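Data file: input_37.txt. Format and content: compact mmCIF, C-alpha atoms.
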# COMPACT_ATOMS: atom_id res chain seq x y z
CA MET A 191 111.94 141.79 97.48
CA LYS A 192 115.10 141.21 99.38
CA TYR A 193 116.88 137.90 99.30
CA ASP A 194 118.59 137.42 102.59
CA TYR A 195 120.20 134.10 101.91
CA VAL A 196 121.83 133.17 98.66
CA ILE A 197 121.58 129.50 99.58
CA GLU A 198 119.31 127.89 102.09
CA THR A 199 118.65 124.22 102.76
CA GLU A 200 115.79 122.77 104.72
CA ASP A 201 115.94 119.30 106.22
CA LEU A 202 118.07 118.25 103.27
CA ALA A 203 118.65 114.52 103.00
CA ARG A 204 120.06 112.16 100.42
CA HIS A 205 119.97 108.42 100.91
CA PHE A 206 121.64 105.91 98.64
CA HIS A 207 120.55 102.33 98.21
CA LEU A 208 123.69 100.29 97.95
CA GLY A 209 123.26 96.56 97.71
CA GLY A 210 120.10 96.51 99.82
CA VAL A 211 121.56 98.80 102.47
CA VAL A 212 120.35 102.38 102.85
CA VAL A 213 123.29 104.73 103.27
CA LYS A 214 122.25 108.07 104.71
CA ALA A 215 124.88 110.27 103.08
CA LEU A 216 123.00 113.36 104.25
CA ASP A 217 120.31 113.25 106.86
CA GLY A 218 118.62 116.54 107.64
CA ILE A 219 120.87 119.48 106.87
CA ASP A 220 119.69 123.02 107.59
CA ILE A 221 122.12 125.70 106.54
CA LYS A 222 121.81 129.31 105.51
CA ILE A 223 124.49 131.03 103.49
CA ASN A 224 124.63 134.82 103.32
CA ARG A 225 125.43 136.72 100.18
CA GLY A 226 129.16 137.32 99.76
CA GLU A 227 130.15 134.88 102.45
CA TYR A 228 133.10 132.49 102.32
CA VAL A 229 131.94 129.32 103.97
CA SER A 230 134.00 126.20 104.50
CA VAL A 231 132.27 122.87 104.93
CA VAL A 232 134.54 120.65 106.96
CA GLY A 233 134.24 117.00 107.74
CA PRO A 234 136.08 113.71 107.41
CA SER A 235 135.81 111.84 104.15
CA GLY A 236 132.50 110.06 103.93
CA SER A 237 130.76 112.70 106.04
CA GLY A 238 128.58 113.84 103.13
CA LYS A 239 130.45 116.91 101.84
CA THR A 240 130.36 115.90 98.19
CA THR A 241 126.70 114.90 98.47
CA LEU A 242 125.90 118.31 99.95
CA PHE A 243 127.91 119.98 97.19
CA ASN A 244 125.98 118.05 94.52
CA LEU A 245 122.60 118.85 96.03
CA VAL A 246 123.27 122.54 96.59
CA GLY A 247 124.65 122.82 93.06
CA GLY A 248 121.62 121.16 91.50
CA LEU A 249 123.71 118.23 90.27
CA ASP A 250 121.64 115.68 92.18
CA ARG A 251 118.14 115.41 93.63
CA PRO A 252 117.53 115.12 97.35
CA THR A 253 115.66 112.21 98.91
CA ARG A 254 114.01 114.67 101.26
CA GLY A 255 114.10 118.39 101.93
CA GLN A 256 114.72 121.46 99.81
CA VAL A 257 117.48 123.63 98.44
CA PHE A 258 116.72 127.30 97.86
CA ILE A 259 118.90 129.44 95.67
CA ASP A 260 117.95 133.10 95.99
CA SER A 261 114.79 131.87 97.73
CA VAL A 262 113.76 129.70 94.78
CA ASP A 263 113.23 126.00 95.45
CA ILE A 264 115.42 124.38 92.80
CA ALA A 265 113.30 121.21 92.80
CA LYS A 266 110.58 123.31 91.19
CA LEU A 267 112.77 124.41 88.29
CA ASP A 268 112.49 122.77 84.89
CA ALA A 269 115.50 121.42 82.97
CA TYR A 270 116.00 124.71 81.13
CA GLU A 271 116.02 126.85 84.27
CA LEU A 272 118.29 124.41 86.03
CA ALA A 273 120.70 124.50 83.08
CA TRP A 274 120.61 128.28 83.23
CA ILE A 275 121.46 128.23 86.94
CA ARG A 276 124.36 125.87 86.30
CA CYS A 277 125.49 128.01 83.42
CA ARG A 278 125.20 131.52 84.80
CA LYS A 279 124.69 131.46 88.54
CA ILE A 280 126.98 128.78 89.89
CA GLY A 281 130.61 128.05 89.13
CA TYR A 282 131.79 124.56 90.04
CA ILE A 283 135.27 123.55 91.11
CA PHE A 284 136.03 119.87 91.66
CA GLN A 285 138.70 117.93 93.46
CA THR A 286 139.57 116.12 90.24
CA PHE A 287 139.40 119.36 88.20
CA ASN A 288 137.06 117.80 85.61
CA LEU A 289 138.55 119.60 82.64
CA ILE A 290 137.86 118.25 79.16
CA PRO A 291 141.10 116.41 78.35
CA VAL A 292 141.16 117.05 74.60
CA PHE A 293 140.57 120.79 74.93
CA THR A 294 143.24 123.39 75.63
CA ALA A 295 143.13 125.59 78.72
CA LEU A 296 141.62 128.37 76.63
CA GLU A 297 138.94 126.12 75.12
CA ASN A 298 138.05 124.70 78.52
CA VAL A 299 137.53 128.16 79.97
CA ALA A 300 135.57 129.30 76.90
CA LEU A 301 133.24 126.28 76.97
CA PRO A 302 130.62 127.56 79.47
CA MET A 303 130.40 130.81 77.52
CA ILE A 304 129.23 128.86 74.45
CA PHE A 305 126.12 127.78 76.33
CA ALA A 306 125.62 131.32 77.61
CA GLY A 307 125.49 132.47 73.99
CA PHE A 308 128.57 134.68 73.80
CA SER A 309 130.20 135.28 70.43
CA SER A 310 133.36 133.44 69.58
CA GLU A 311 135.56 136.58 69.80
CA SER A 312 134.21 137.67 73.17
CA ARG A 313 134.65 134.11 74.48
CA LEU A 314 138.30 133.99 73.53
CA LYS A 315 138.93 137.49 74.85
CA LYS A 316 137.34 136.79 78.21
CA ALA A 317 138.87 133.31 78.56
CA THR A 318 142.30 134.81 77.89
CA GLU A 319 141.73 137.51 80.51
CA LEU A 320 140.55 134.96 83.07
CA LEU A 321 143.53 132.69 82.47
CA ARG A 322 145.87 135.69 82.77
CA SER A 323 144.22 136.63 86.05
CA VAL A 324 144.99 133.18 87.48
CA GLY A 325 148.57 133.43 86.25
CA LEU A 326 148.31 131.12 83.25
CA GLY A 327 148.63 133.73 80.49
CA ASP A 328 151.49 131.73 78.97
CA ARG A 329 149.68 128.39 79.08
CA LEU A 330 146.62 129.18 76.97
CA ASP A 331 147.16 126.48 74.37
CA HIS A 332 148.24 123.73 76.72
CA LYS A 333 146.03 120.73 77.27
CA PRO A 334 145.28 119.62 80.85
CA THR A 335 147.80 116.77 80.62
CA GLU A 336 150.50 119.31 79.81
CA LEU A 337 149.79 121.25 83.00
CA SER A 338 150.64 120.58 86.64
CA ALA A 339 147.85 119.72 89.07
CA GLY A 340 147.90 123.23 90.52
CA GLN A 341 147.74 124.76 87.05
CA GLN A 342 144.84 122.50 86.10
CA GLN A 343 142.93 123.62 89.16
CA ARG A 344 143.58 127.25 88.24
CA VAL A 345 142.17 126.55 84.77
CA ALA A 346 139.14 125.08 86.54
CA ILE A 347 138.81 128.24 88.66
CA ALA A 348 138.99 130.39 85.54
CA ARG A 349 136.33 128.19 83.94
CA ALA A 350 134.11 128.47 87.01
CA LEU A 351 134.27 132.28 86.68
CA ALA A 352 133.60 132.35 82.94
CA ASN A 353 129.96 133.43 83.16
CA ASP A 354 130.39 135.67 86.24
CA PRO A 355 128.55 133.43 88.70
CA THR A 356 127.34 134.78 92.02
CA ILE A 357 128.10 131.50 93.73
CA VAL A 358 131.22 129.37 93.50
CA LEU A 359 130.99 125.84 94.84
CA ALA A 360 134.29 124.09 95.42
CA ASP A 361 134.40 120.42 96.37
CA GLU A 362 137.76 119.63 97.97
CA PRO A 363 139.51 122.02 95.60
CA THR A 364 142.83 121.36 97.28
CA GLY A 365 142.39 117.63 97.82
CA ASN A 366 144.72 116.61 95.02
CA LEU A 367 147.30 119.34 95.60
CA ASP A 368 150.34 119.75 97.79
CA LEU A 369 150.13 122.10 100.76
CA GLN A 370 151.66 125.16 99.14
CA THR A 371 149.68 124.87 95.91
CA GLY A 372 146.60 124.22 98.02
CA HIS A 373 147.17 127.47 99.91
CA GLU A 374 147.57 129.34 96.62
CA ILE A 375 144.27 127.95 95.35
CA VAL A 376 142.48 128.82 98.59
CA ASN A 377 143.94 132.32 98.51
CA SER A 378 142.73 132.85 94.97
CA LEU A 379 139.26 131.68 96.02
CA LYS A 380 139.35 134.14 98.92
CA GLU A 381 140.51 136.87 96.58
CA LEU A 382 137.61 136.40 94.21
CA ASN A 383 135.29 136.28 97.19
CA GLU A 384 136.59 139.65 98.39
CA LYS A 385 137.12 141.40 95.06
CA ARG A 386 134.08 140.18 93.15
CA GLY A 387 131.74 139.62 96.07
CA VAL A 388 131.21 136.03 94.98
CA THR A 389 129.73 133.70 97.57
CA VAL A 390 132.17 130.82 98.02
CA ILE A 391 131.31 127.47 99.55
CA ALA A 392 134.34 125.23 99.80
CA ALA A 393 134.23 121.70 101.12
CA THR A 394 137.42 120.42 102.66
CA HIS A 395 138.69 117.84 105.09
CA ASP A 396 141.84 119.83 105.59
CA VAL A 397 141.58 122.24 108.53
CA LYS A 398 144.65 124.11 107.30
CA MET A 399 142.54 125.49 104.47
CA ILE A 400 139.79 127.09 106.54
CA ASP A 401 141.41 130.10 108.16
CA VAL A 402 140.24 132.33 105.30
CA SER A 403 136.58 131.50 105.83
CA ASP A 404 133.93 133.74 107.34
CA ARG A 405 132.12 130.74 108.73
CA ILE A 406 132.83 127.06 109.08
CA ILE A 407 130.24 124.33 109.00
CA TRP A 408 131.33 121.02 110.46
CA ILE A 409 129.44 118.03 109.21
CA ARG A 410 129.70 114.47 110.36
CA ASP A 411 127.70 111.41 109.36
CA GLY A 412 125.39 113.49 107.20
CA LYS A 413 124.44 115.96 109.92
CA VAL A 414 125.60 119.42 110.89
CA GLU A 415 127.86 118.96 113.88
CA LYS A 416 128.45 122.62 114.60
CA ILE A 417 128.79 126.00 112.93
CA GLY A 418 131.50 128.39 113.92
CA THR A 419 134.14 130.86 112.83
CA PRO A 420 137.90 130.41 112.44
CA GLY A 421 138.16 132.30 115.74
CA ASP A 422 136.65 129.31 117.50
CA LEU A 423 139.68 127.33 116.54
CA GLU A 424 142.17 129.54 118.30
CA GLY A 425 143.91 127.81 121.11
CA LYS A 426 142.49 124.48 120.00
CA ASN A 427 144.32 121.65 118.41
CA LEU A 428 143.78 122.24 114.69
CA GLU A 429 144.22 118.62 113.84
CA LYS A 430 141.41 117.57 116.12
CA MET B 163 107.40 128.29 87.61
CA PRO B 164 109.67 131.21 88.41
CA GLU B 165 110.71 133.38 85.52
CA ARG B 166 113.09 135.11 87.80
CA ILE B 167 115.65 133.59 90.08
CA GLY B 168 116.75 136.11 92.62
CA GLU B 169 117.00 139.52 91.02
CA GLU B 170 117.82 138.05 87.65
CA ALA B 171 115.49 136.98 84.87
CA VAL B 172 116.14 133.50 83.57
CA GLY B 173 118.12 134.08 80.40
CA LYS B 174 119.07 132.02 77.44
CA VAL B 175 120.91 128.74 77.36
CA GLU B 176 121.88 127.81 73.85
CA LEU B 177 124.19 125.97 71.53
CA ARG B 178 124.43 127.67 68.16
CA PHE B 179 124.81 125.54 65.05
CA ARG B 180 128.18 127.06 64.32
CA ASP B 181 129.44 126.18 67.76
CA LEU B 182 127.86 122.74 67.60
CA PHE B 183 129.73 121.88 64.41
CA ALA B 184 132.93 123.47 65.60
CA LEU B 185 132.82 121.47 68.85
CA SER B 186 131.96 118.20 67.10
CA PHE B 187 134.70 118.53 64.51
CA LYS B 188 137.19 119.54 67.17
CA ASN B 189 136.27 116.43 69.14
CA ILE B 190 136.73 114.16 66.14
CA ARG B 191 140.04 115.80 65.24
CA ARG B 192 141.45 115.67 68.74
CA ARG B 193 140.38 112.08 69.27
CA PHE B 194 141.47 111.14 65.79
CA ALA B 195 142.86 107.70 66.64
CA ARG B 196 139.61 106.79 68.38
CA ALA B 197 137.55 108.13 65.48
CA VAL B 198 139.66 106.17 63.00
CA VAL B 199 138.99 102.93 64.87
CA THR B 200 135.24 103.62 64.97
CA ILE B 201 135.19 104.64 61.31
CA PHE B 202 137.22 101.55 60.41
CA THR B 203 134.57 99.21 61.84
CA ILE B 204 131.94 101.09 59.85
CA VAL B 205 134.08 100.90 56.70
CA LEU B 206 134.46 97.14 57.19
CA GLY B 207 130.73 96.62 57.56
CA ALA B 208 129.82 98.96 54.70
CA SER B 209 132.40 97.53 52.31
CA PHE B 210 131.18 94.05 53.07
CA LEU B 211 127.61 95.09 52.38
CA THR B 212 128.67 96.81 49.16
CA PHE B 213 130.61 93.74 48.08
CA LEU B 214 127.49 91.62 48.56
CA THR B 215 125.17 93.97 46.69
CA MET B 216 127.71 94.33 43.89
CA THR B 217 128.06 90.56 43.67
CA SER B 218 124.34 90.12 43.24
CA LEU B 219 124.38 92.93 40.66
CA VAL B 220 127.17 91.33 38.66
CA LEU B 221 125.65 87.88 38.86
CA ARG B 222 122.33 89.19 37.61
CA GLN B 223 124.06 90.85 34.68
CA PHE B 224 125.93 87.66 33.91
CA ALA B 225 123.31 85.12 34.90
CA GLU B 226 124.00 83.20 31.72
CA THR B 227 127.70 82.64 32.58
CA GLY B 228 126.91 79.77 34.85
CA VAL B 229 128.36 81.38 38.01
CA SER B 230 125.90 81.02 40.88
CA VAL B 231 125.70 81.59 44.62
CA GLU B 232 125.16 78.62 46.88
CA ALA B 233 122.62 78.90 49.70
CA TYR B 234 125.27 78.48 52.39
CA GLN B 235 127.15 81.46 50.95
CA TYR B 236 124.12 83.64 51.61
CA TRP B 237 124.15 82.44 55.19
CA LEU B 238 127.83 83.18 55.54
CA ALA B 239 127.24 86.62 54.11
CA PHE B 240 124.34 87.26 56.46
CA ILE B 241 126.27 86.17 59.54
CA SER B 242 129.28 88.27 58.57
CA LEU B 243 127.09 91.29 58.05
CA LEU B 244 125.50 90.73 61.44
CA LEU B 245 128.97 90.59 63.00
CA CYS B 246 129.80 93.95 61.43
CA VAL B 247 126.59 95.50 62.75
CA VAL B 248 127.34 94.24 66.26
CA SER B 249 130.92 95.51 66.18
CA ILE B 250 129.86 98.95 64.94
CA THR B 251 127.24 99.14 67.69
CA ASN B 252 129.79 98.02 70.23
CA SER B 253 132.43 100.55 69.27
CA MET B 254 129.90 103.40 69.18
CA ILE B 255 128.57 102.47 72.62
CA ILE B 256 132.06 102.32 74.09
CA ALA B 257 132.95 105.65 72.47
CA VAL B 258 130.04 107.24 74.36
CA TYR B 259 130.69 105.48 77.67
CA GLU B 260 134.31 106.61 77.62
CA ARG B 261 133.00 110.14 77.72
CA TYR B 262 130.32 109.68 80.36
CA LYS B 263 132.11 112.01 82.75
CA GLU B 264 132.52 114.59 80.02
CA ILE B 265 128.75 114.61 79.58
CA GLY B 266 128.44 115.37 83.31
CA ILE B 267 130.91 118.24 82.92
CA LEU B 268 129.01 119.68 79.95
CA LYS B 269 125.82 119.65 81.99
CA CYS B 270 127.54 121.38 84.91
CA LEU B 271 128.58 124.13 82.54
CA GLY B 272 125.01 124.72 81.43
CA ALA B 273 124.40 122.29 78.55
CA LEU B 274 120.84 121.06 78.09
CA ASP B 275 120.21 117.36 77.50
CA ARG B 276 119.51 118.02 73.85
CA HIS B 277 122.78 119.91 73.45
CA VAL B 278 124.65 116.82 74.62
CA LEU B 279 122.60 114.62 72.28
CA LEU B 280 123.19 116.98 69.36
CA LEU B 281 126.93 117.06 69.99
CA PHE B 282 127.28 113.29 70.02
CA PHE B 283 124.86 112.88 67.10
CA THR B 284 126.79 115.27 64.91
CA GLU B 285 129.94 113.31 65.58
CA SER B 286 128.31 109.97 64.83
CA VAL B 287 126.62 111.31 61.69
CA VAL B 288 129.98 112.48 60.39
CA MET B 289 131.63 109.16 61.23
CA GLY B 290 128.71 107.19 59.77
CA LEU B 291 128.78 109.13 56.51
CA VAL B 292 132.55 108.97 56.12
CA GLY B 293 132.47 105.25 56.95
CA GLY B 294 129.62 104.61 54.52
CA VAL B 295 131.31 106.39 51.62
CA LEU B 296 134.72 104.80 52.27
CA GLY B 297 133.06 101.43 52.75
CA PHE B 298 131.33 101.74 49.39
CA VAL B 299 134.62 102.64 47.71
CA CYS B 300 136.50 99.72 49.31
CA GLY B 301 133.71 97.20 48.72
CA SER B 302 133.14 98.14 45.09
CA ILE B 303 136.84 98.18 44.28
CA THR B 304 137.17 94.68 45.75
CA ALA B 305 134.12 93.45 43.85
CA ILE B 306 135.19 95.02 40.57
CA THR B 307 138.73 93.66 40.83
CA LEU B 308 137.54 90.17 41.71
CA TYR B 309 134.83 89.86 39.09
CA GLY B 310 136.85 91.87 36.61
CA PHE B 311 139.47 89.12 36.53
CA GLN B 312 136.83 86.40 36.35
CA LEU B 313 134.45 87.94 33.86
CA GLY B 314 136.42 90.68 32.13
CA PHE B 315 136.67 94.32 33.07
CA ASP B 316 134.33 95.52 30.37
CA MET B 317 131.48 94.37 32.60
CA ILE B 318 132.01 97.47 34.74
CA PHE B 319 130.45 99.53 32.02
CA LYS B 320 127.53 97.15 31.72
CA ILE B 321 126.37 97.70 35.31
CA PRO B 322 123.46 100.15 35.17
CA LEU B 323 124.38 103.44 36.84
CA LEU B 324 121.12 103.52 38.75
CA GLU B 325 121.85 100.18 40.39
CA LEU B 326 125.35 101.33 41.25
CA LEU B 327 123.88 104.44 42.85
CA SER B 328 121.45 102.33 44.85
CA CYS B 329 124.41 100.27 46.11
CA PHE B 330 126.05 103.50 47.19
CA GLY B 331 122.85 104.72 48.79
CA LEU B 332 122.38 101.49 50.69
CA SER B 333 125.94 101.52 52.02
CA VAL B 334 125.67 105.12 53.25
CA ALA B 335 122.15 104.69 54.62
CA VAL B 336 123.01 101.55 56.57
CA SER B 337 126.21 103.05 58.04
CA PHE B 338 124.36 106.24 58.92
CA GLY B 339 121.48 104.32 60.47
CA ILE B 340 123.65 102.02 62.52
CA SER B 341 125.91 104.75 63.88
CA ILE B 342 122.94 106.94 64.84
CA GLY B 343 121.08 103.99 66.32
CA ALA B 344 124.09 102.79 68.29
CA THR B 345 124.85 106.29 69.64
CA PHE B 346 121.30 107.11 70.62
CA TYR B 347 120.74 104.85 73.60
CA PRO B 348 123.98 105.40 75.55
CA THR B 349 123.98 109.15 74.84
CA TYR B 350 120.33 109.51 75.77
CA LYS B 351 120.95 107.67 79.01
CA ALA B 352 124.05 109.72 79.81
CA ALA B 353 122.46 113.04 78.89
CA ARG B 354 119.39 112.38 81.02
CA SER B 355 121.29 111.33 84.12
CA ARG B 356 122.08 113.92 86.76
CA PRO B 357 125.65 115.20 86.59
CA ALA B 358 126.37 113.72 90.02
CA GLU B 359 125.52 110.28 88.65
CA ALA B 360 127.61 110.82 85.53
CA PHE B 361 130.62 111.61 87.75
CA ARG B 362 130.17 108.43 89.75
CA VAL B 363 130.31 106.22 86.66
CA GLU B 364 133.73 104.66 86.27
CA VAL B 365 134.51 103.24 82.86
Structure translated into structure tokens:
Amino acid sequence: MKYDYVIETEDLARHFHLGGVVVKALDGIDIKINRGEYVSVVGPSGSGKTTLFNLVGGLDRPTRGQVFIDSVDIAKLDAYELAWIRCRKIGYIFQTFNLIPVFTALENVALPMIFAGFSSESRLKKATELLRSVGLGDRLDHKPTELSAGQQQRVAIARALANDPTIVLADEPTGNLDLQTGHEIVNSLKELNEKRGVTVIAATHDVKMIDVSDRIIWIRDGKVEKIGTPGDLEGKNLEK
Amino acid sequence: MPERIGEEAVGKVELRFRDLFALSFKNIRRRFARAVVTIFTIVLGASFLTFLTMTSLVLRQFAETGVSVEAYQYWLAFISLLLCVVSITNSMIIAVYERYKEIGILKCLGALDRHVLLLFFTESVVMGLVGGVLGFVCGSITAITLYGFQLGFDMIFKIPLLELLSCFGLSVAVSFGISIGATFYPTYKAARSRPAEAFRVEV
């Protein structure tokens, strides 16, 4: 059996009930992501990017519609299988890094490998390698508060790669970073997409970060506005 | 239910006992100030309880000395004990809520609900036991000093060992019970929530 799409959504919707008002954060999203693609999801804040990220990553349940990962409907998975997907198949990168504050860089990166059942030596060895590969070989024993924002996000990237996921989901990975650091982070995401063949889905509201993508999905008010390539942007006002 | 997802078989997700203990102890060590505060409330409650049980022990041994406990003193004791129970519960609940987001992160990295529960339980068991033992030590030292001056220190040797042990047992059991009980609800709630919800919670 051949799996054409690594991620597929069908009429995906998520509504929130906030103080008696129904907020349609997502309202009928159909997207198909190919294996090994780098896809940027672009939209203004409040357009539903984070909600989409949470649903695709199995961190939240949709109000309506389905998410398929490797053609499997994740709503049909039990808690164990879902945990396994989160552990081994998907690496998450967040805007606010979400590192464990009392753990060192090394311990943070080694954490997902605990749940994957690796031995303590192999965890440390691999976590060290991963941190070296993101240029933090000399910061292994630093806690997140002792690192700059860009360094913290690189720890988060290393952590996302700990169990060799096939998919990396990044929610505004550059949102809390300055332009140059943001570019570095995006370039390292692109690099792991090219070198490791990892499918990357990165949400961003910053159009300066999308030139590396294979495809761009614009969303607005919880719906897909259009799907295009960076080429479509040429000659257009990028800020638009 | 798919046993395969894509080309891969669904593998293992686990938290070995060694790793569980290592993680829990690391958490207590790294959040030492927080742990000390939590343990301190347990010590207060447990030492108070021990003081009460020791008092009743001593008074029973020396019933003929004419020292007696008034009814209102029992009420005072009961209310104070209740206050300790509430403050232990409160500090345990807050200790879990502070780490709500962390629970979301653990689940994103592949932790099962029961892994999260086990992690927090191990921590609260350790704190409950340490608090119970220290509380017994503090409470009995206070009781012995106080009644020693009133009734003579030789009475220490007159207290039956078995009753002393039951005081100790009660102190540890109550501390253990309260810290487990107070950790269970907030942790259970946090562990069961979807990670996306855990991230939205602001404490």
Contacts of Pro291 in chain A within 8 Å, all atoms listed in the file, excl. fewer than 5 positions in-chain, as a compact mmCIF listing (two decimals) with C-alpha atoms, in the coordinates of the input:
# COMPACT_ATOMS: atom_id res chain seq x y z
CA LYS A 333 146.03 120.73 77.27
CA PRO A 334 145.28 119.62 80.85
CA THR A 335 147.80 116.77 80.62
Taking only C-alpha atoms into account, produce a table as CSV in which each residue of chain A with an atom at most 10 Å from an atom of chain B appears once, together with its shortest atom pair and the distance in Å to one decimal, ordered by chain and rising number.
residue,atom,partner,partner_atom,distance
A:Met191,CA,B:Glu169,CA,8.5
A:Lys192,CA,B:Gly168,CA,8.6
A:Tyr193,CA,B:Gly168,CA,6.9
A:Val196,CA,B:Gly168,CA,8.4
A:Thr240,CA,B:Ala358,CA,9.3
A:Thr241,CA,B:Ala358,CA,8.5
A:Phe243,CA,B:Ala358,CA,9.6
A:Asn244,CA,B:Ala358,CA,6.3
A:Leu245,CA,B:Ala358,CA,8.8
A:Gly247,CA,B:Cys270,CA,8.8
A:Gly248,CA,B:Arg356,CA,8.7
A:Leu249,CA,B:Pro357,CA,5.1
A:Asp250,CA,B:Ala358,CA,5.6
A:Arg251,CA,B:Arg356,CA,8.1
A:Ile259,CA,B:Gly168,CA,7.6
A:Asp260,CA,B:Gly168,CA,4.7
A:Ser261,CA,B:Gly168,CA,6.9
A:Val262,CA,B:Ile167,CA,6.4
A:Asp263,CA,B:Pro164,CA,9.5
A:Ile264,CA,B:Ile167,CA,9.6
A:Lys266,CA,B:Met163,CA,6.9
A:Leu267,CA,B:Met163,CA,6.7
A:Asp268,CA,B:Met163,CA,8.0
A:Ala269,CA,B:Leu274,CA,7.2
A:Tyr270,CA,B:Leu274,CA,6.8
A:Glu271,CA,B:Val172,CA,6.7
A:Leu272,CA,B:Gly272,CA,8.1
A:Ala273,CA,B:Gly272,CA,4.6
A:Trp274,CA,B:Val175,CA,5.9
A:Ile275,CA,B:Gly272,CA,7.4
A:Arg276,CA,B:Gly272,CA,5.0
A:Cys277,CA,B:Gly272,CA,3.9
A:Arg278,CA,B:Gly272,CA,7.6
A:Lys279,CA,B:Ile167,CA,9.4
A:Ile280,CA,B:Leu271,CA,8.8
A:Gly281,CA,B:Leu271,CA,7.9
A:Tyr282,CA,B:Cys270,CA,7.4
A:Asn288,CA,B:Ile267,CA,6.7
A:Leu289,CA,B:Ile267,CA,7.8
A:Ile290,CA,B:Glu264,CA,6.5
A:Pro291,CA,B:Glu264,CA,8.9
A:Val292,CA,B:Arg192,CA,6.0
A:Phe293,CA,B:Arg192,CA,8.1
A:Glu297,CA,B:Leu185,CA,9.9
A:Leu301,CA,B:Leu271,CA,7.6
A:Pro302,CA,B:Leu271,CA,5.0
A:Met303,CA,B:Leu271,CA,8.6
A:Ile304,CA,B:Leu177,CA,6.5
A:Phe305,CA,B:Glu176,CA,4.9
A:Ala306,CA,B:Val175,CA,5.4
A:Gly307,CA,B:Glu176,CA,5.9
A:Phe308,CA,B:Glu176,CA,9.6
A:Ser309,CA,B:Asp181,CA,9.5
A:Ser310,CA,B:Asp181,CA,8.4
A:Arg349,CA,B:Leu271,CA,8.9
A:Ala350,CA,B:Leu271,CA,8.3
A:Ala352,CA,B:Leu271,CA,9.6
A:Asn353,CA,B:Leu271,CA,9.4
Using only C-alpha atoms and a cutoff of 9 Å, can you tell me which residues are near (139.7, 123.5, 84.4) in the file's coordinates, and write them out as a count of residues only? 20
Mind pulling up the distance from CA of Leu296 in chain B to CA of Thr345 in chain B?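 These atoms are spaced 20.0 Å apart.
Excluding Thr217 in chain B itself and same-chain residues fewer than 5 positions from it, the residues having an atom within 9 Å of it are Thr212, Arg222, Ala305, Ile306 and Tyr309 of chain B, counting all atoms listed in the file.
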Using all atoms listed in the file, pick whichever of B:Ala239, B:Leu245, B:Leu308, B:Ile201 has the shortest atom-to-atom distance to Val292 in chain B.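 For Val292 in chain B, the nearest of the candidates is B:Ile201.
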With distances taken over only C-alpha atoms, the candidate from A:Val213, A:Leu202, A:Ala265, A:Val397 nearest Thr253 in chain A is A:Leu202
Length of the CA of Asp217 in chain A to CA of Asp201 in chain A vector [Å]: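 Computed distance, CA of Asp217 in chain A to CA of Asp201 in chain A, equals 7.5 Å.
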Report, in Å to a single decimal, how far apart CA of Val336 in chain B and CA of Thr284 in chain B are.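 So the two atoms, CA of Thr284 in chain B and CA of Val336 in chain B, lie 16.5 Å apart.
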Within 12 Å of Thr215 in chain B, counting all atoms listed in the file, which residues qualify if same-chain residues fewer than 6 places away don't, as a PyMOL selection string? chain B and resi 208-209+221-222+236+239-240+243+298+301-302+305-306+325-333
Output for the residues just chosen: C-alpha atoms as a compact mmCIF listing (two decimals), keeping the file's coordinate frame:
# COMPACT_ATOMS: atom_id res chain seq x y z
CA ALA B 208 129.82 98.96 54.70
CA SER B 209 132.40 97.53 52.31
CA LEU B 221 125.65 87.88 38.86
CA ARG B 222 122.33 89.19 37.61
CA TYR B 236 124.12 83.64 51.61
CA ALA B 239 127.24 86.62 54.11
CA PHE B 240 124.34 87.26 56.46
CA LEU B 243 127.09 91.29 58.05
CA PHE B 298 131.33 101.74 49.39
CA GLY B 301 133.71 97.20 48.72
CA SER B 302 133.14 98.14 45.09
CA ALA B 305 134.12 93.45 43.85
CA ILE B 306 135.19 95.02 40.57
CA GLU B 325 121.85 100.18 40.39
CA LEU B 326 125.35 101.33 41.25
CA LEU B 327 123.88 104.44 42.85
CA SER B 328 121.45 102.33 44.85
CA CYS B 329 124.41 100.27 46.11
CA PHE B 330 126.05 103.50 47.19
CA GLY B 331 122.85 104.72 48.79
CA LEU B 332 122.38 101.49 50.69
CA SER B 333 125.94 101.52 52.02
Shell around Ala215 in chain A at 8 Å using all atoms listed in the file, local window under 2 positions removed, as number ranges by chain: A: 203-206, 213, 217, 236-238, 241, 411-412
May I have the residues within 12 Å of Ile221 in chain A as a PyMOL selection string, using all atoms listed in the file and disregarding those fewer than 3 positions away in the same chain? chain A and resi 195-202+218+224+229+231+242+246+255-259+391+405-409+413-417
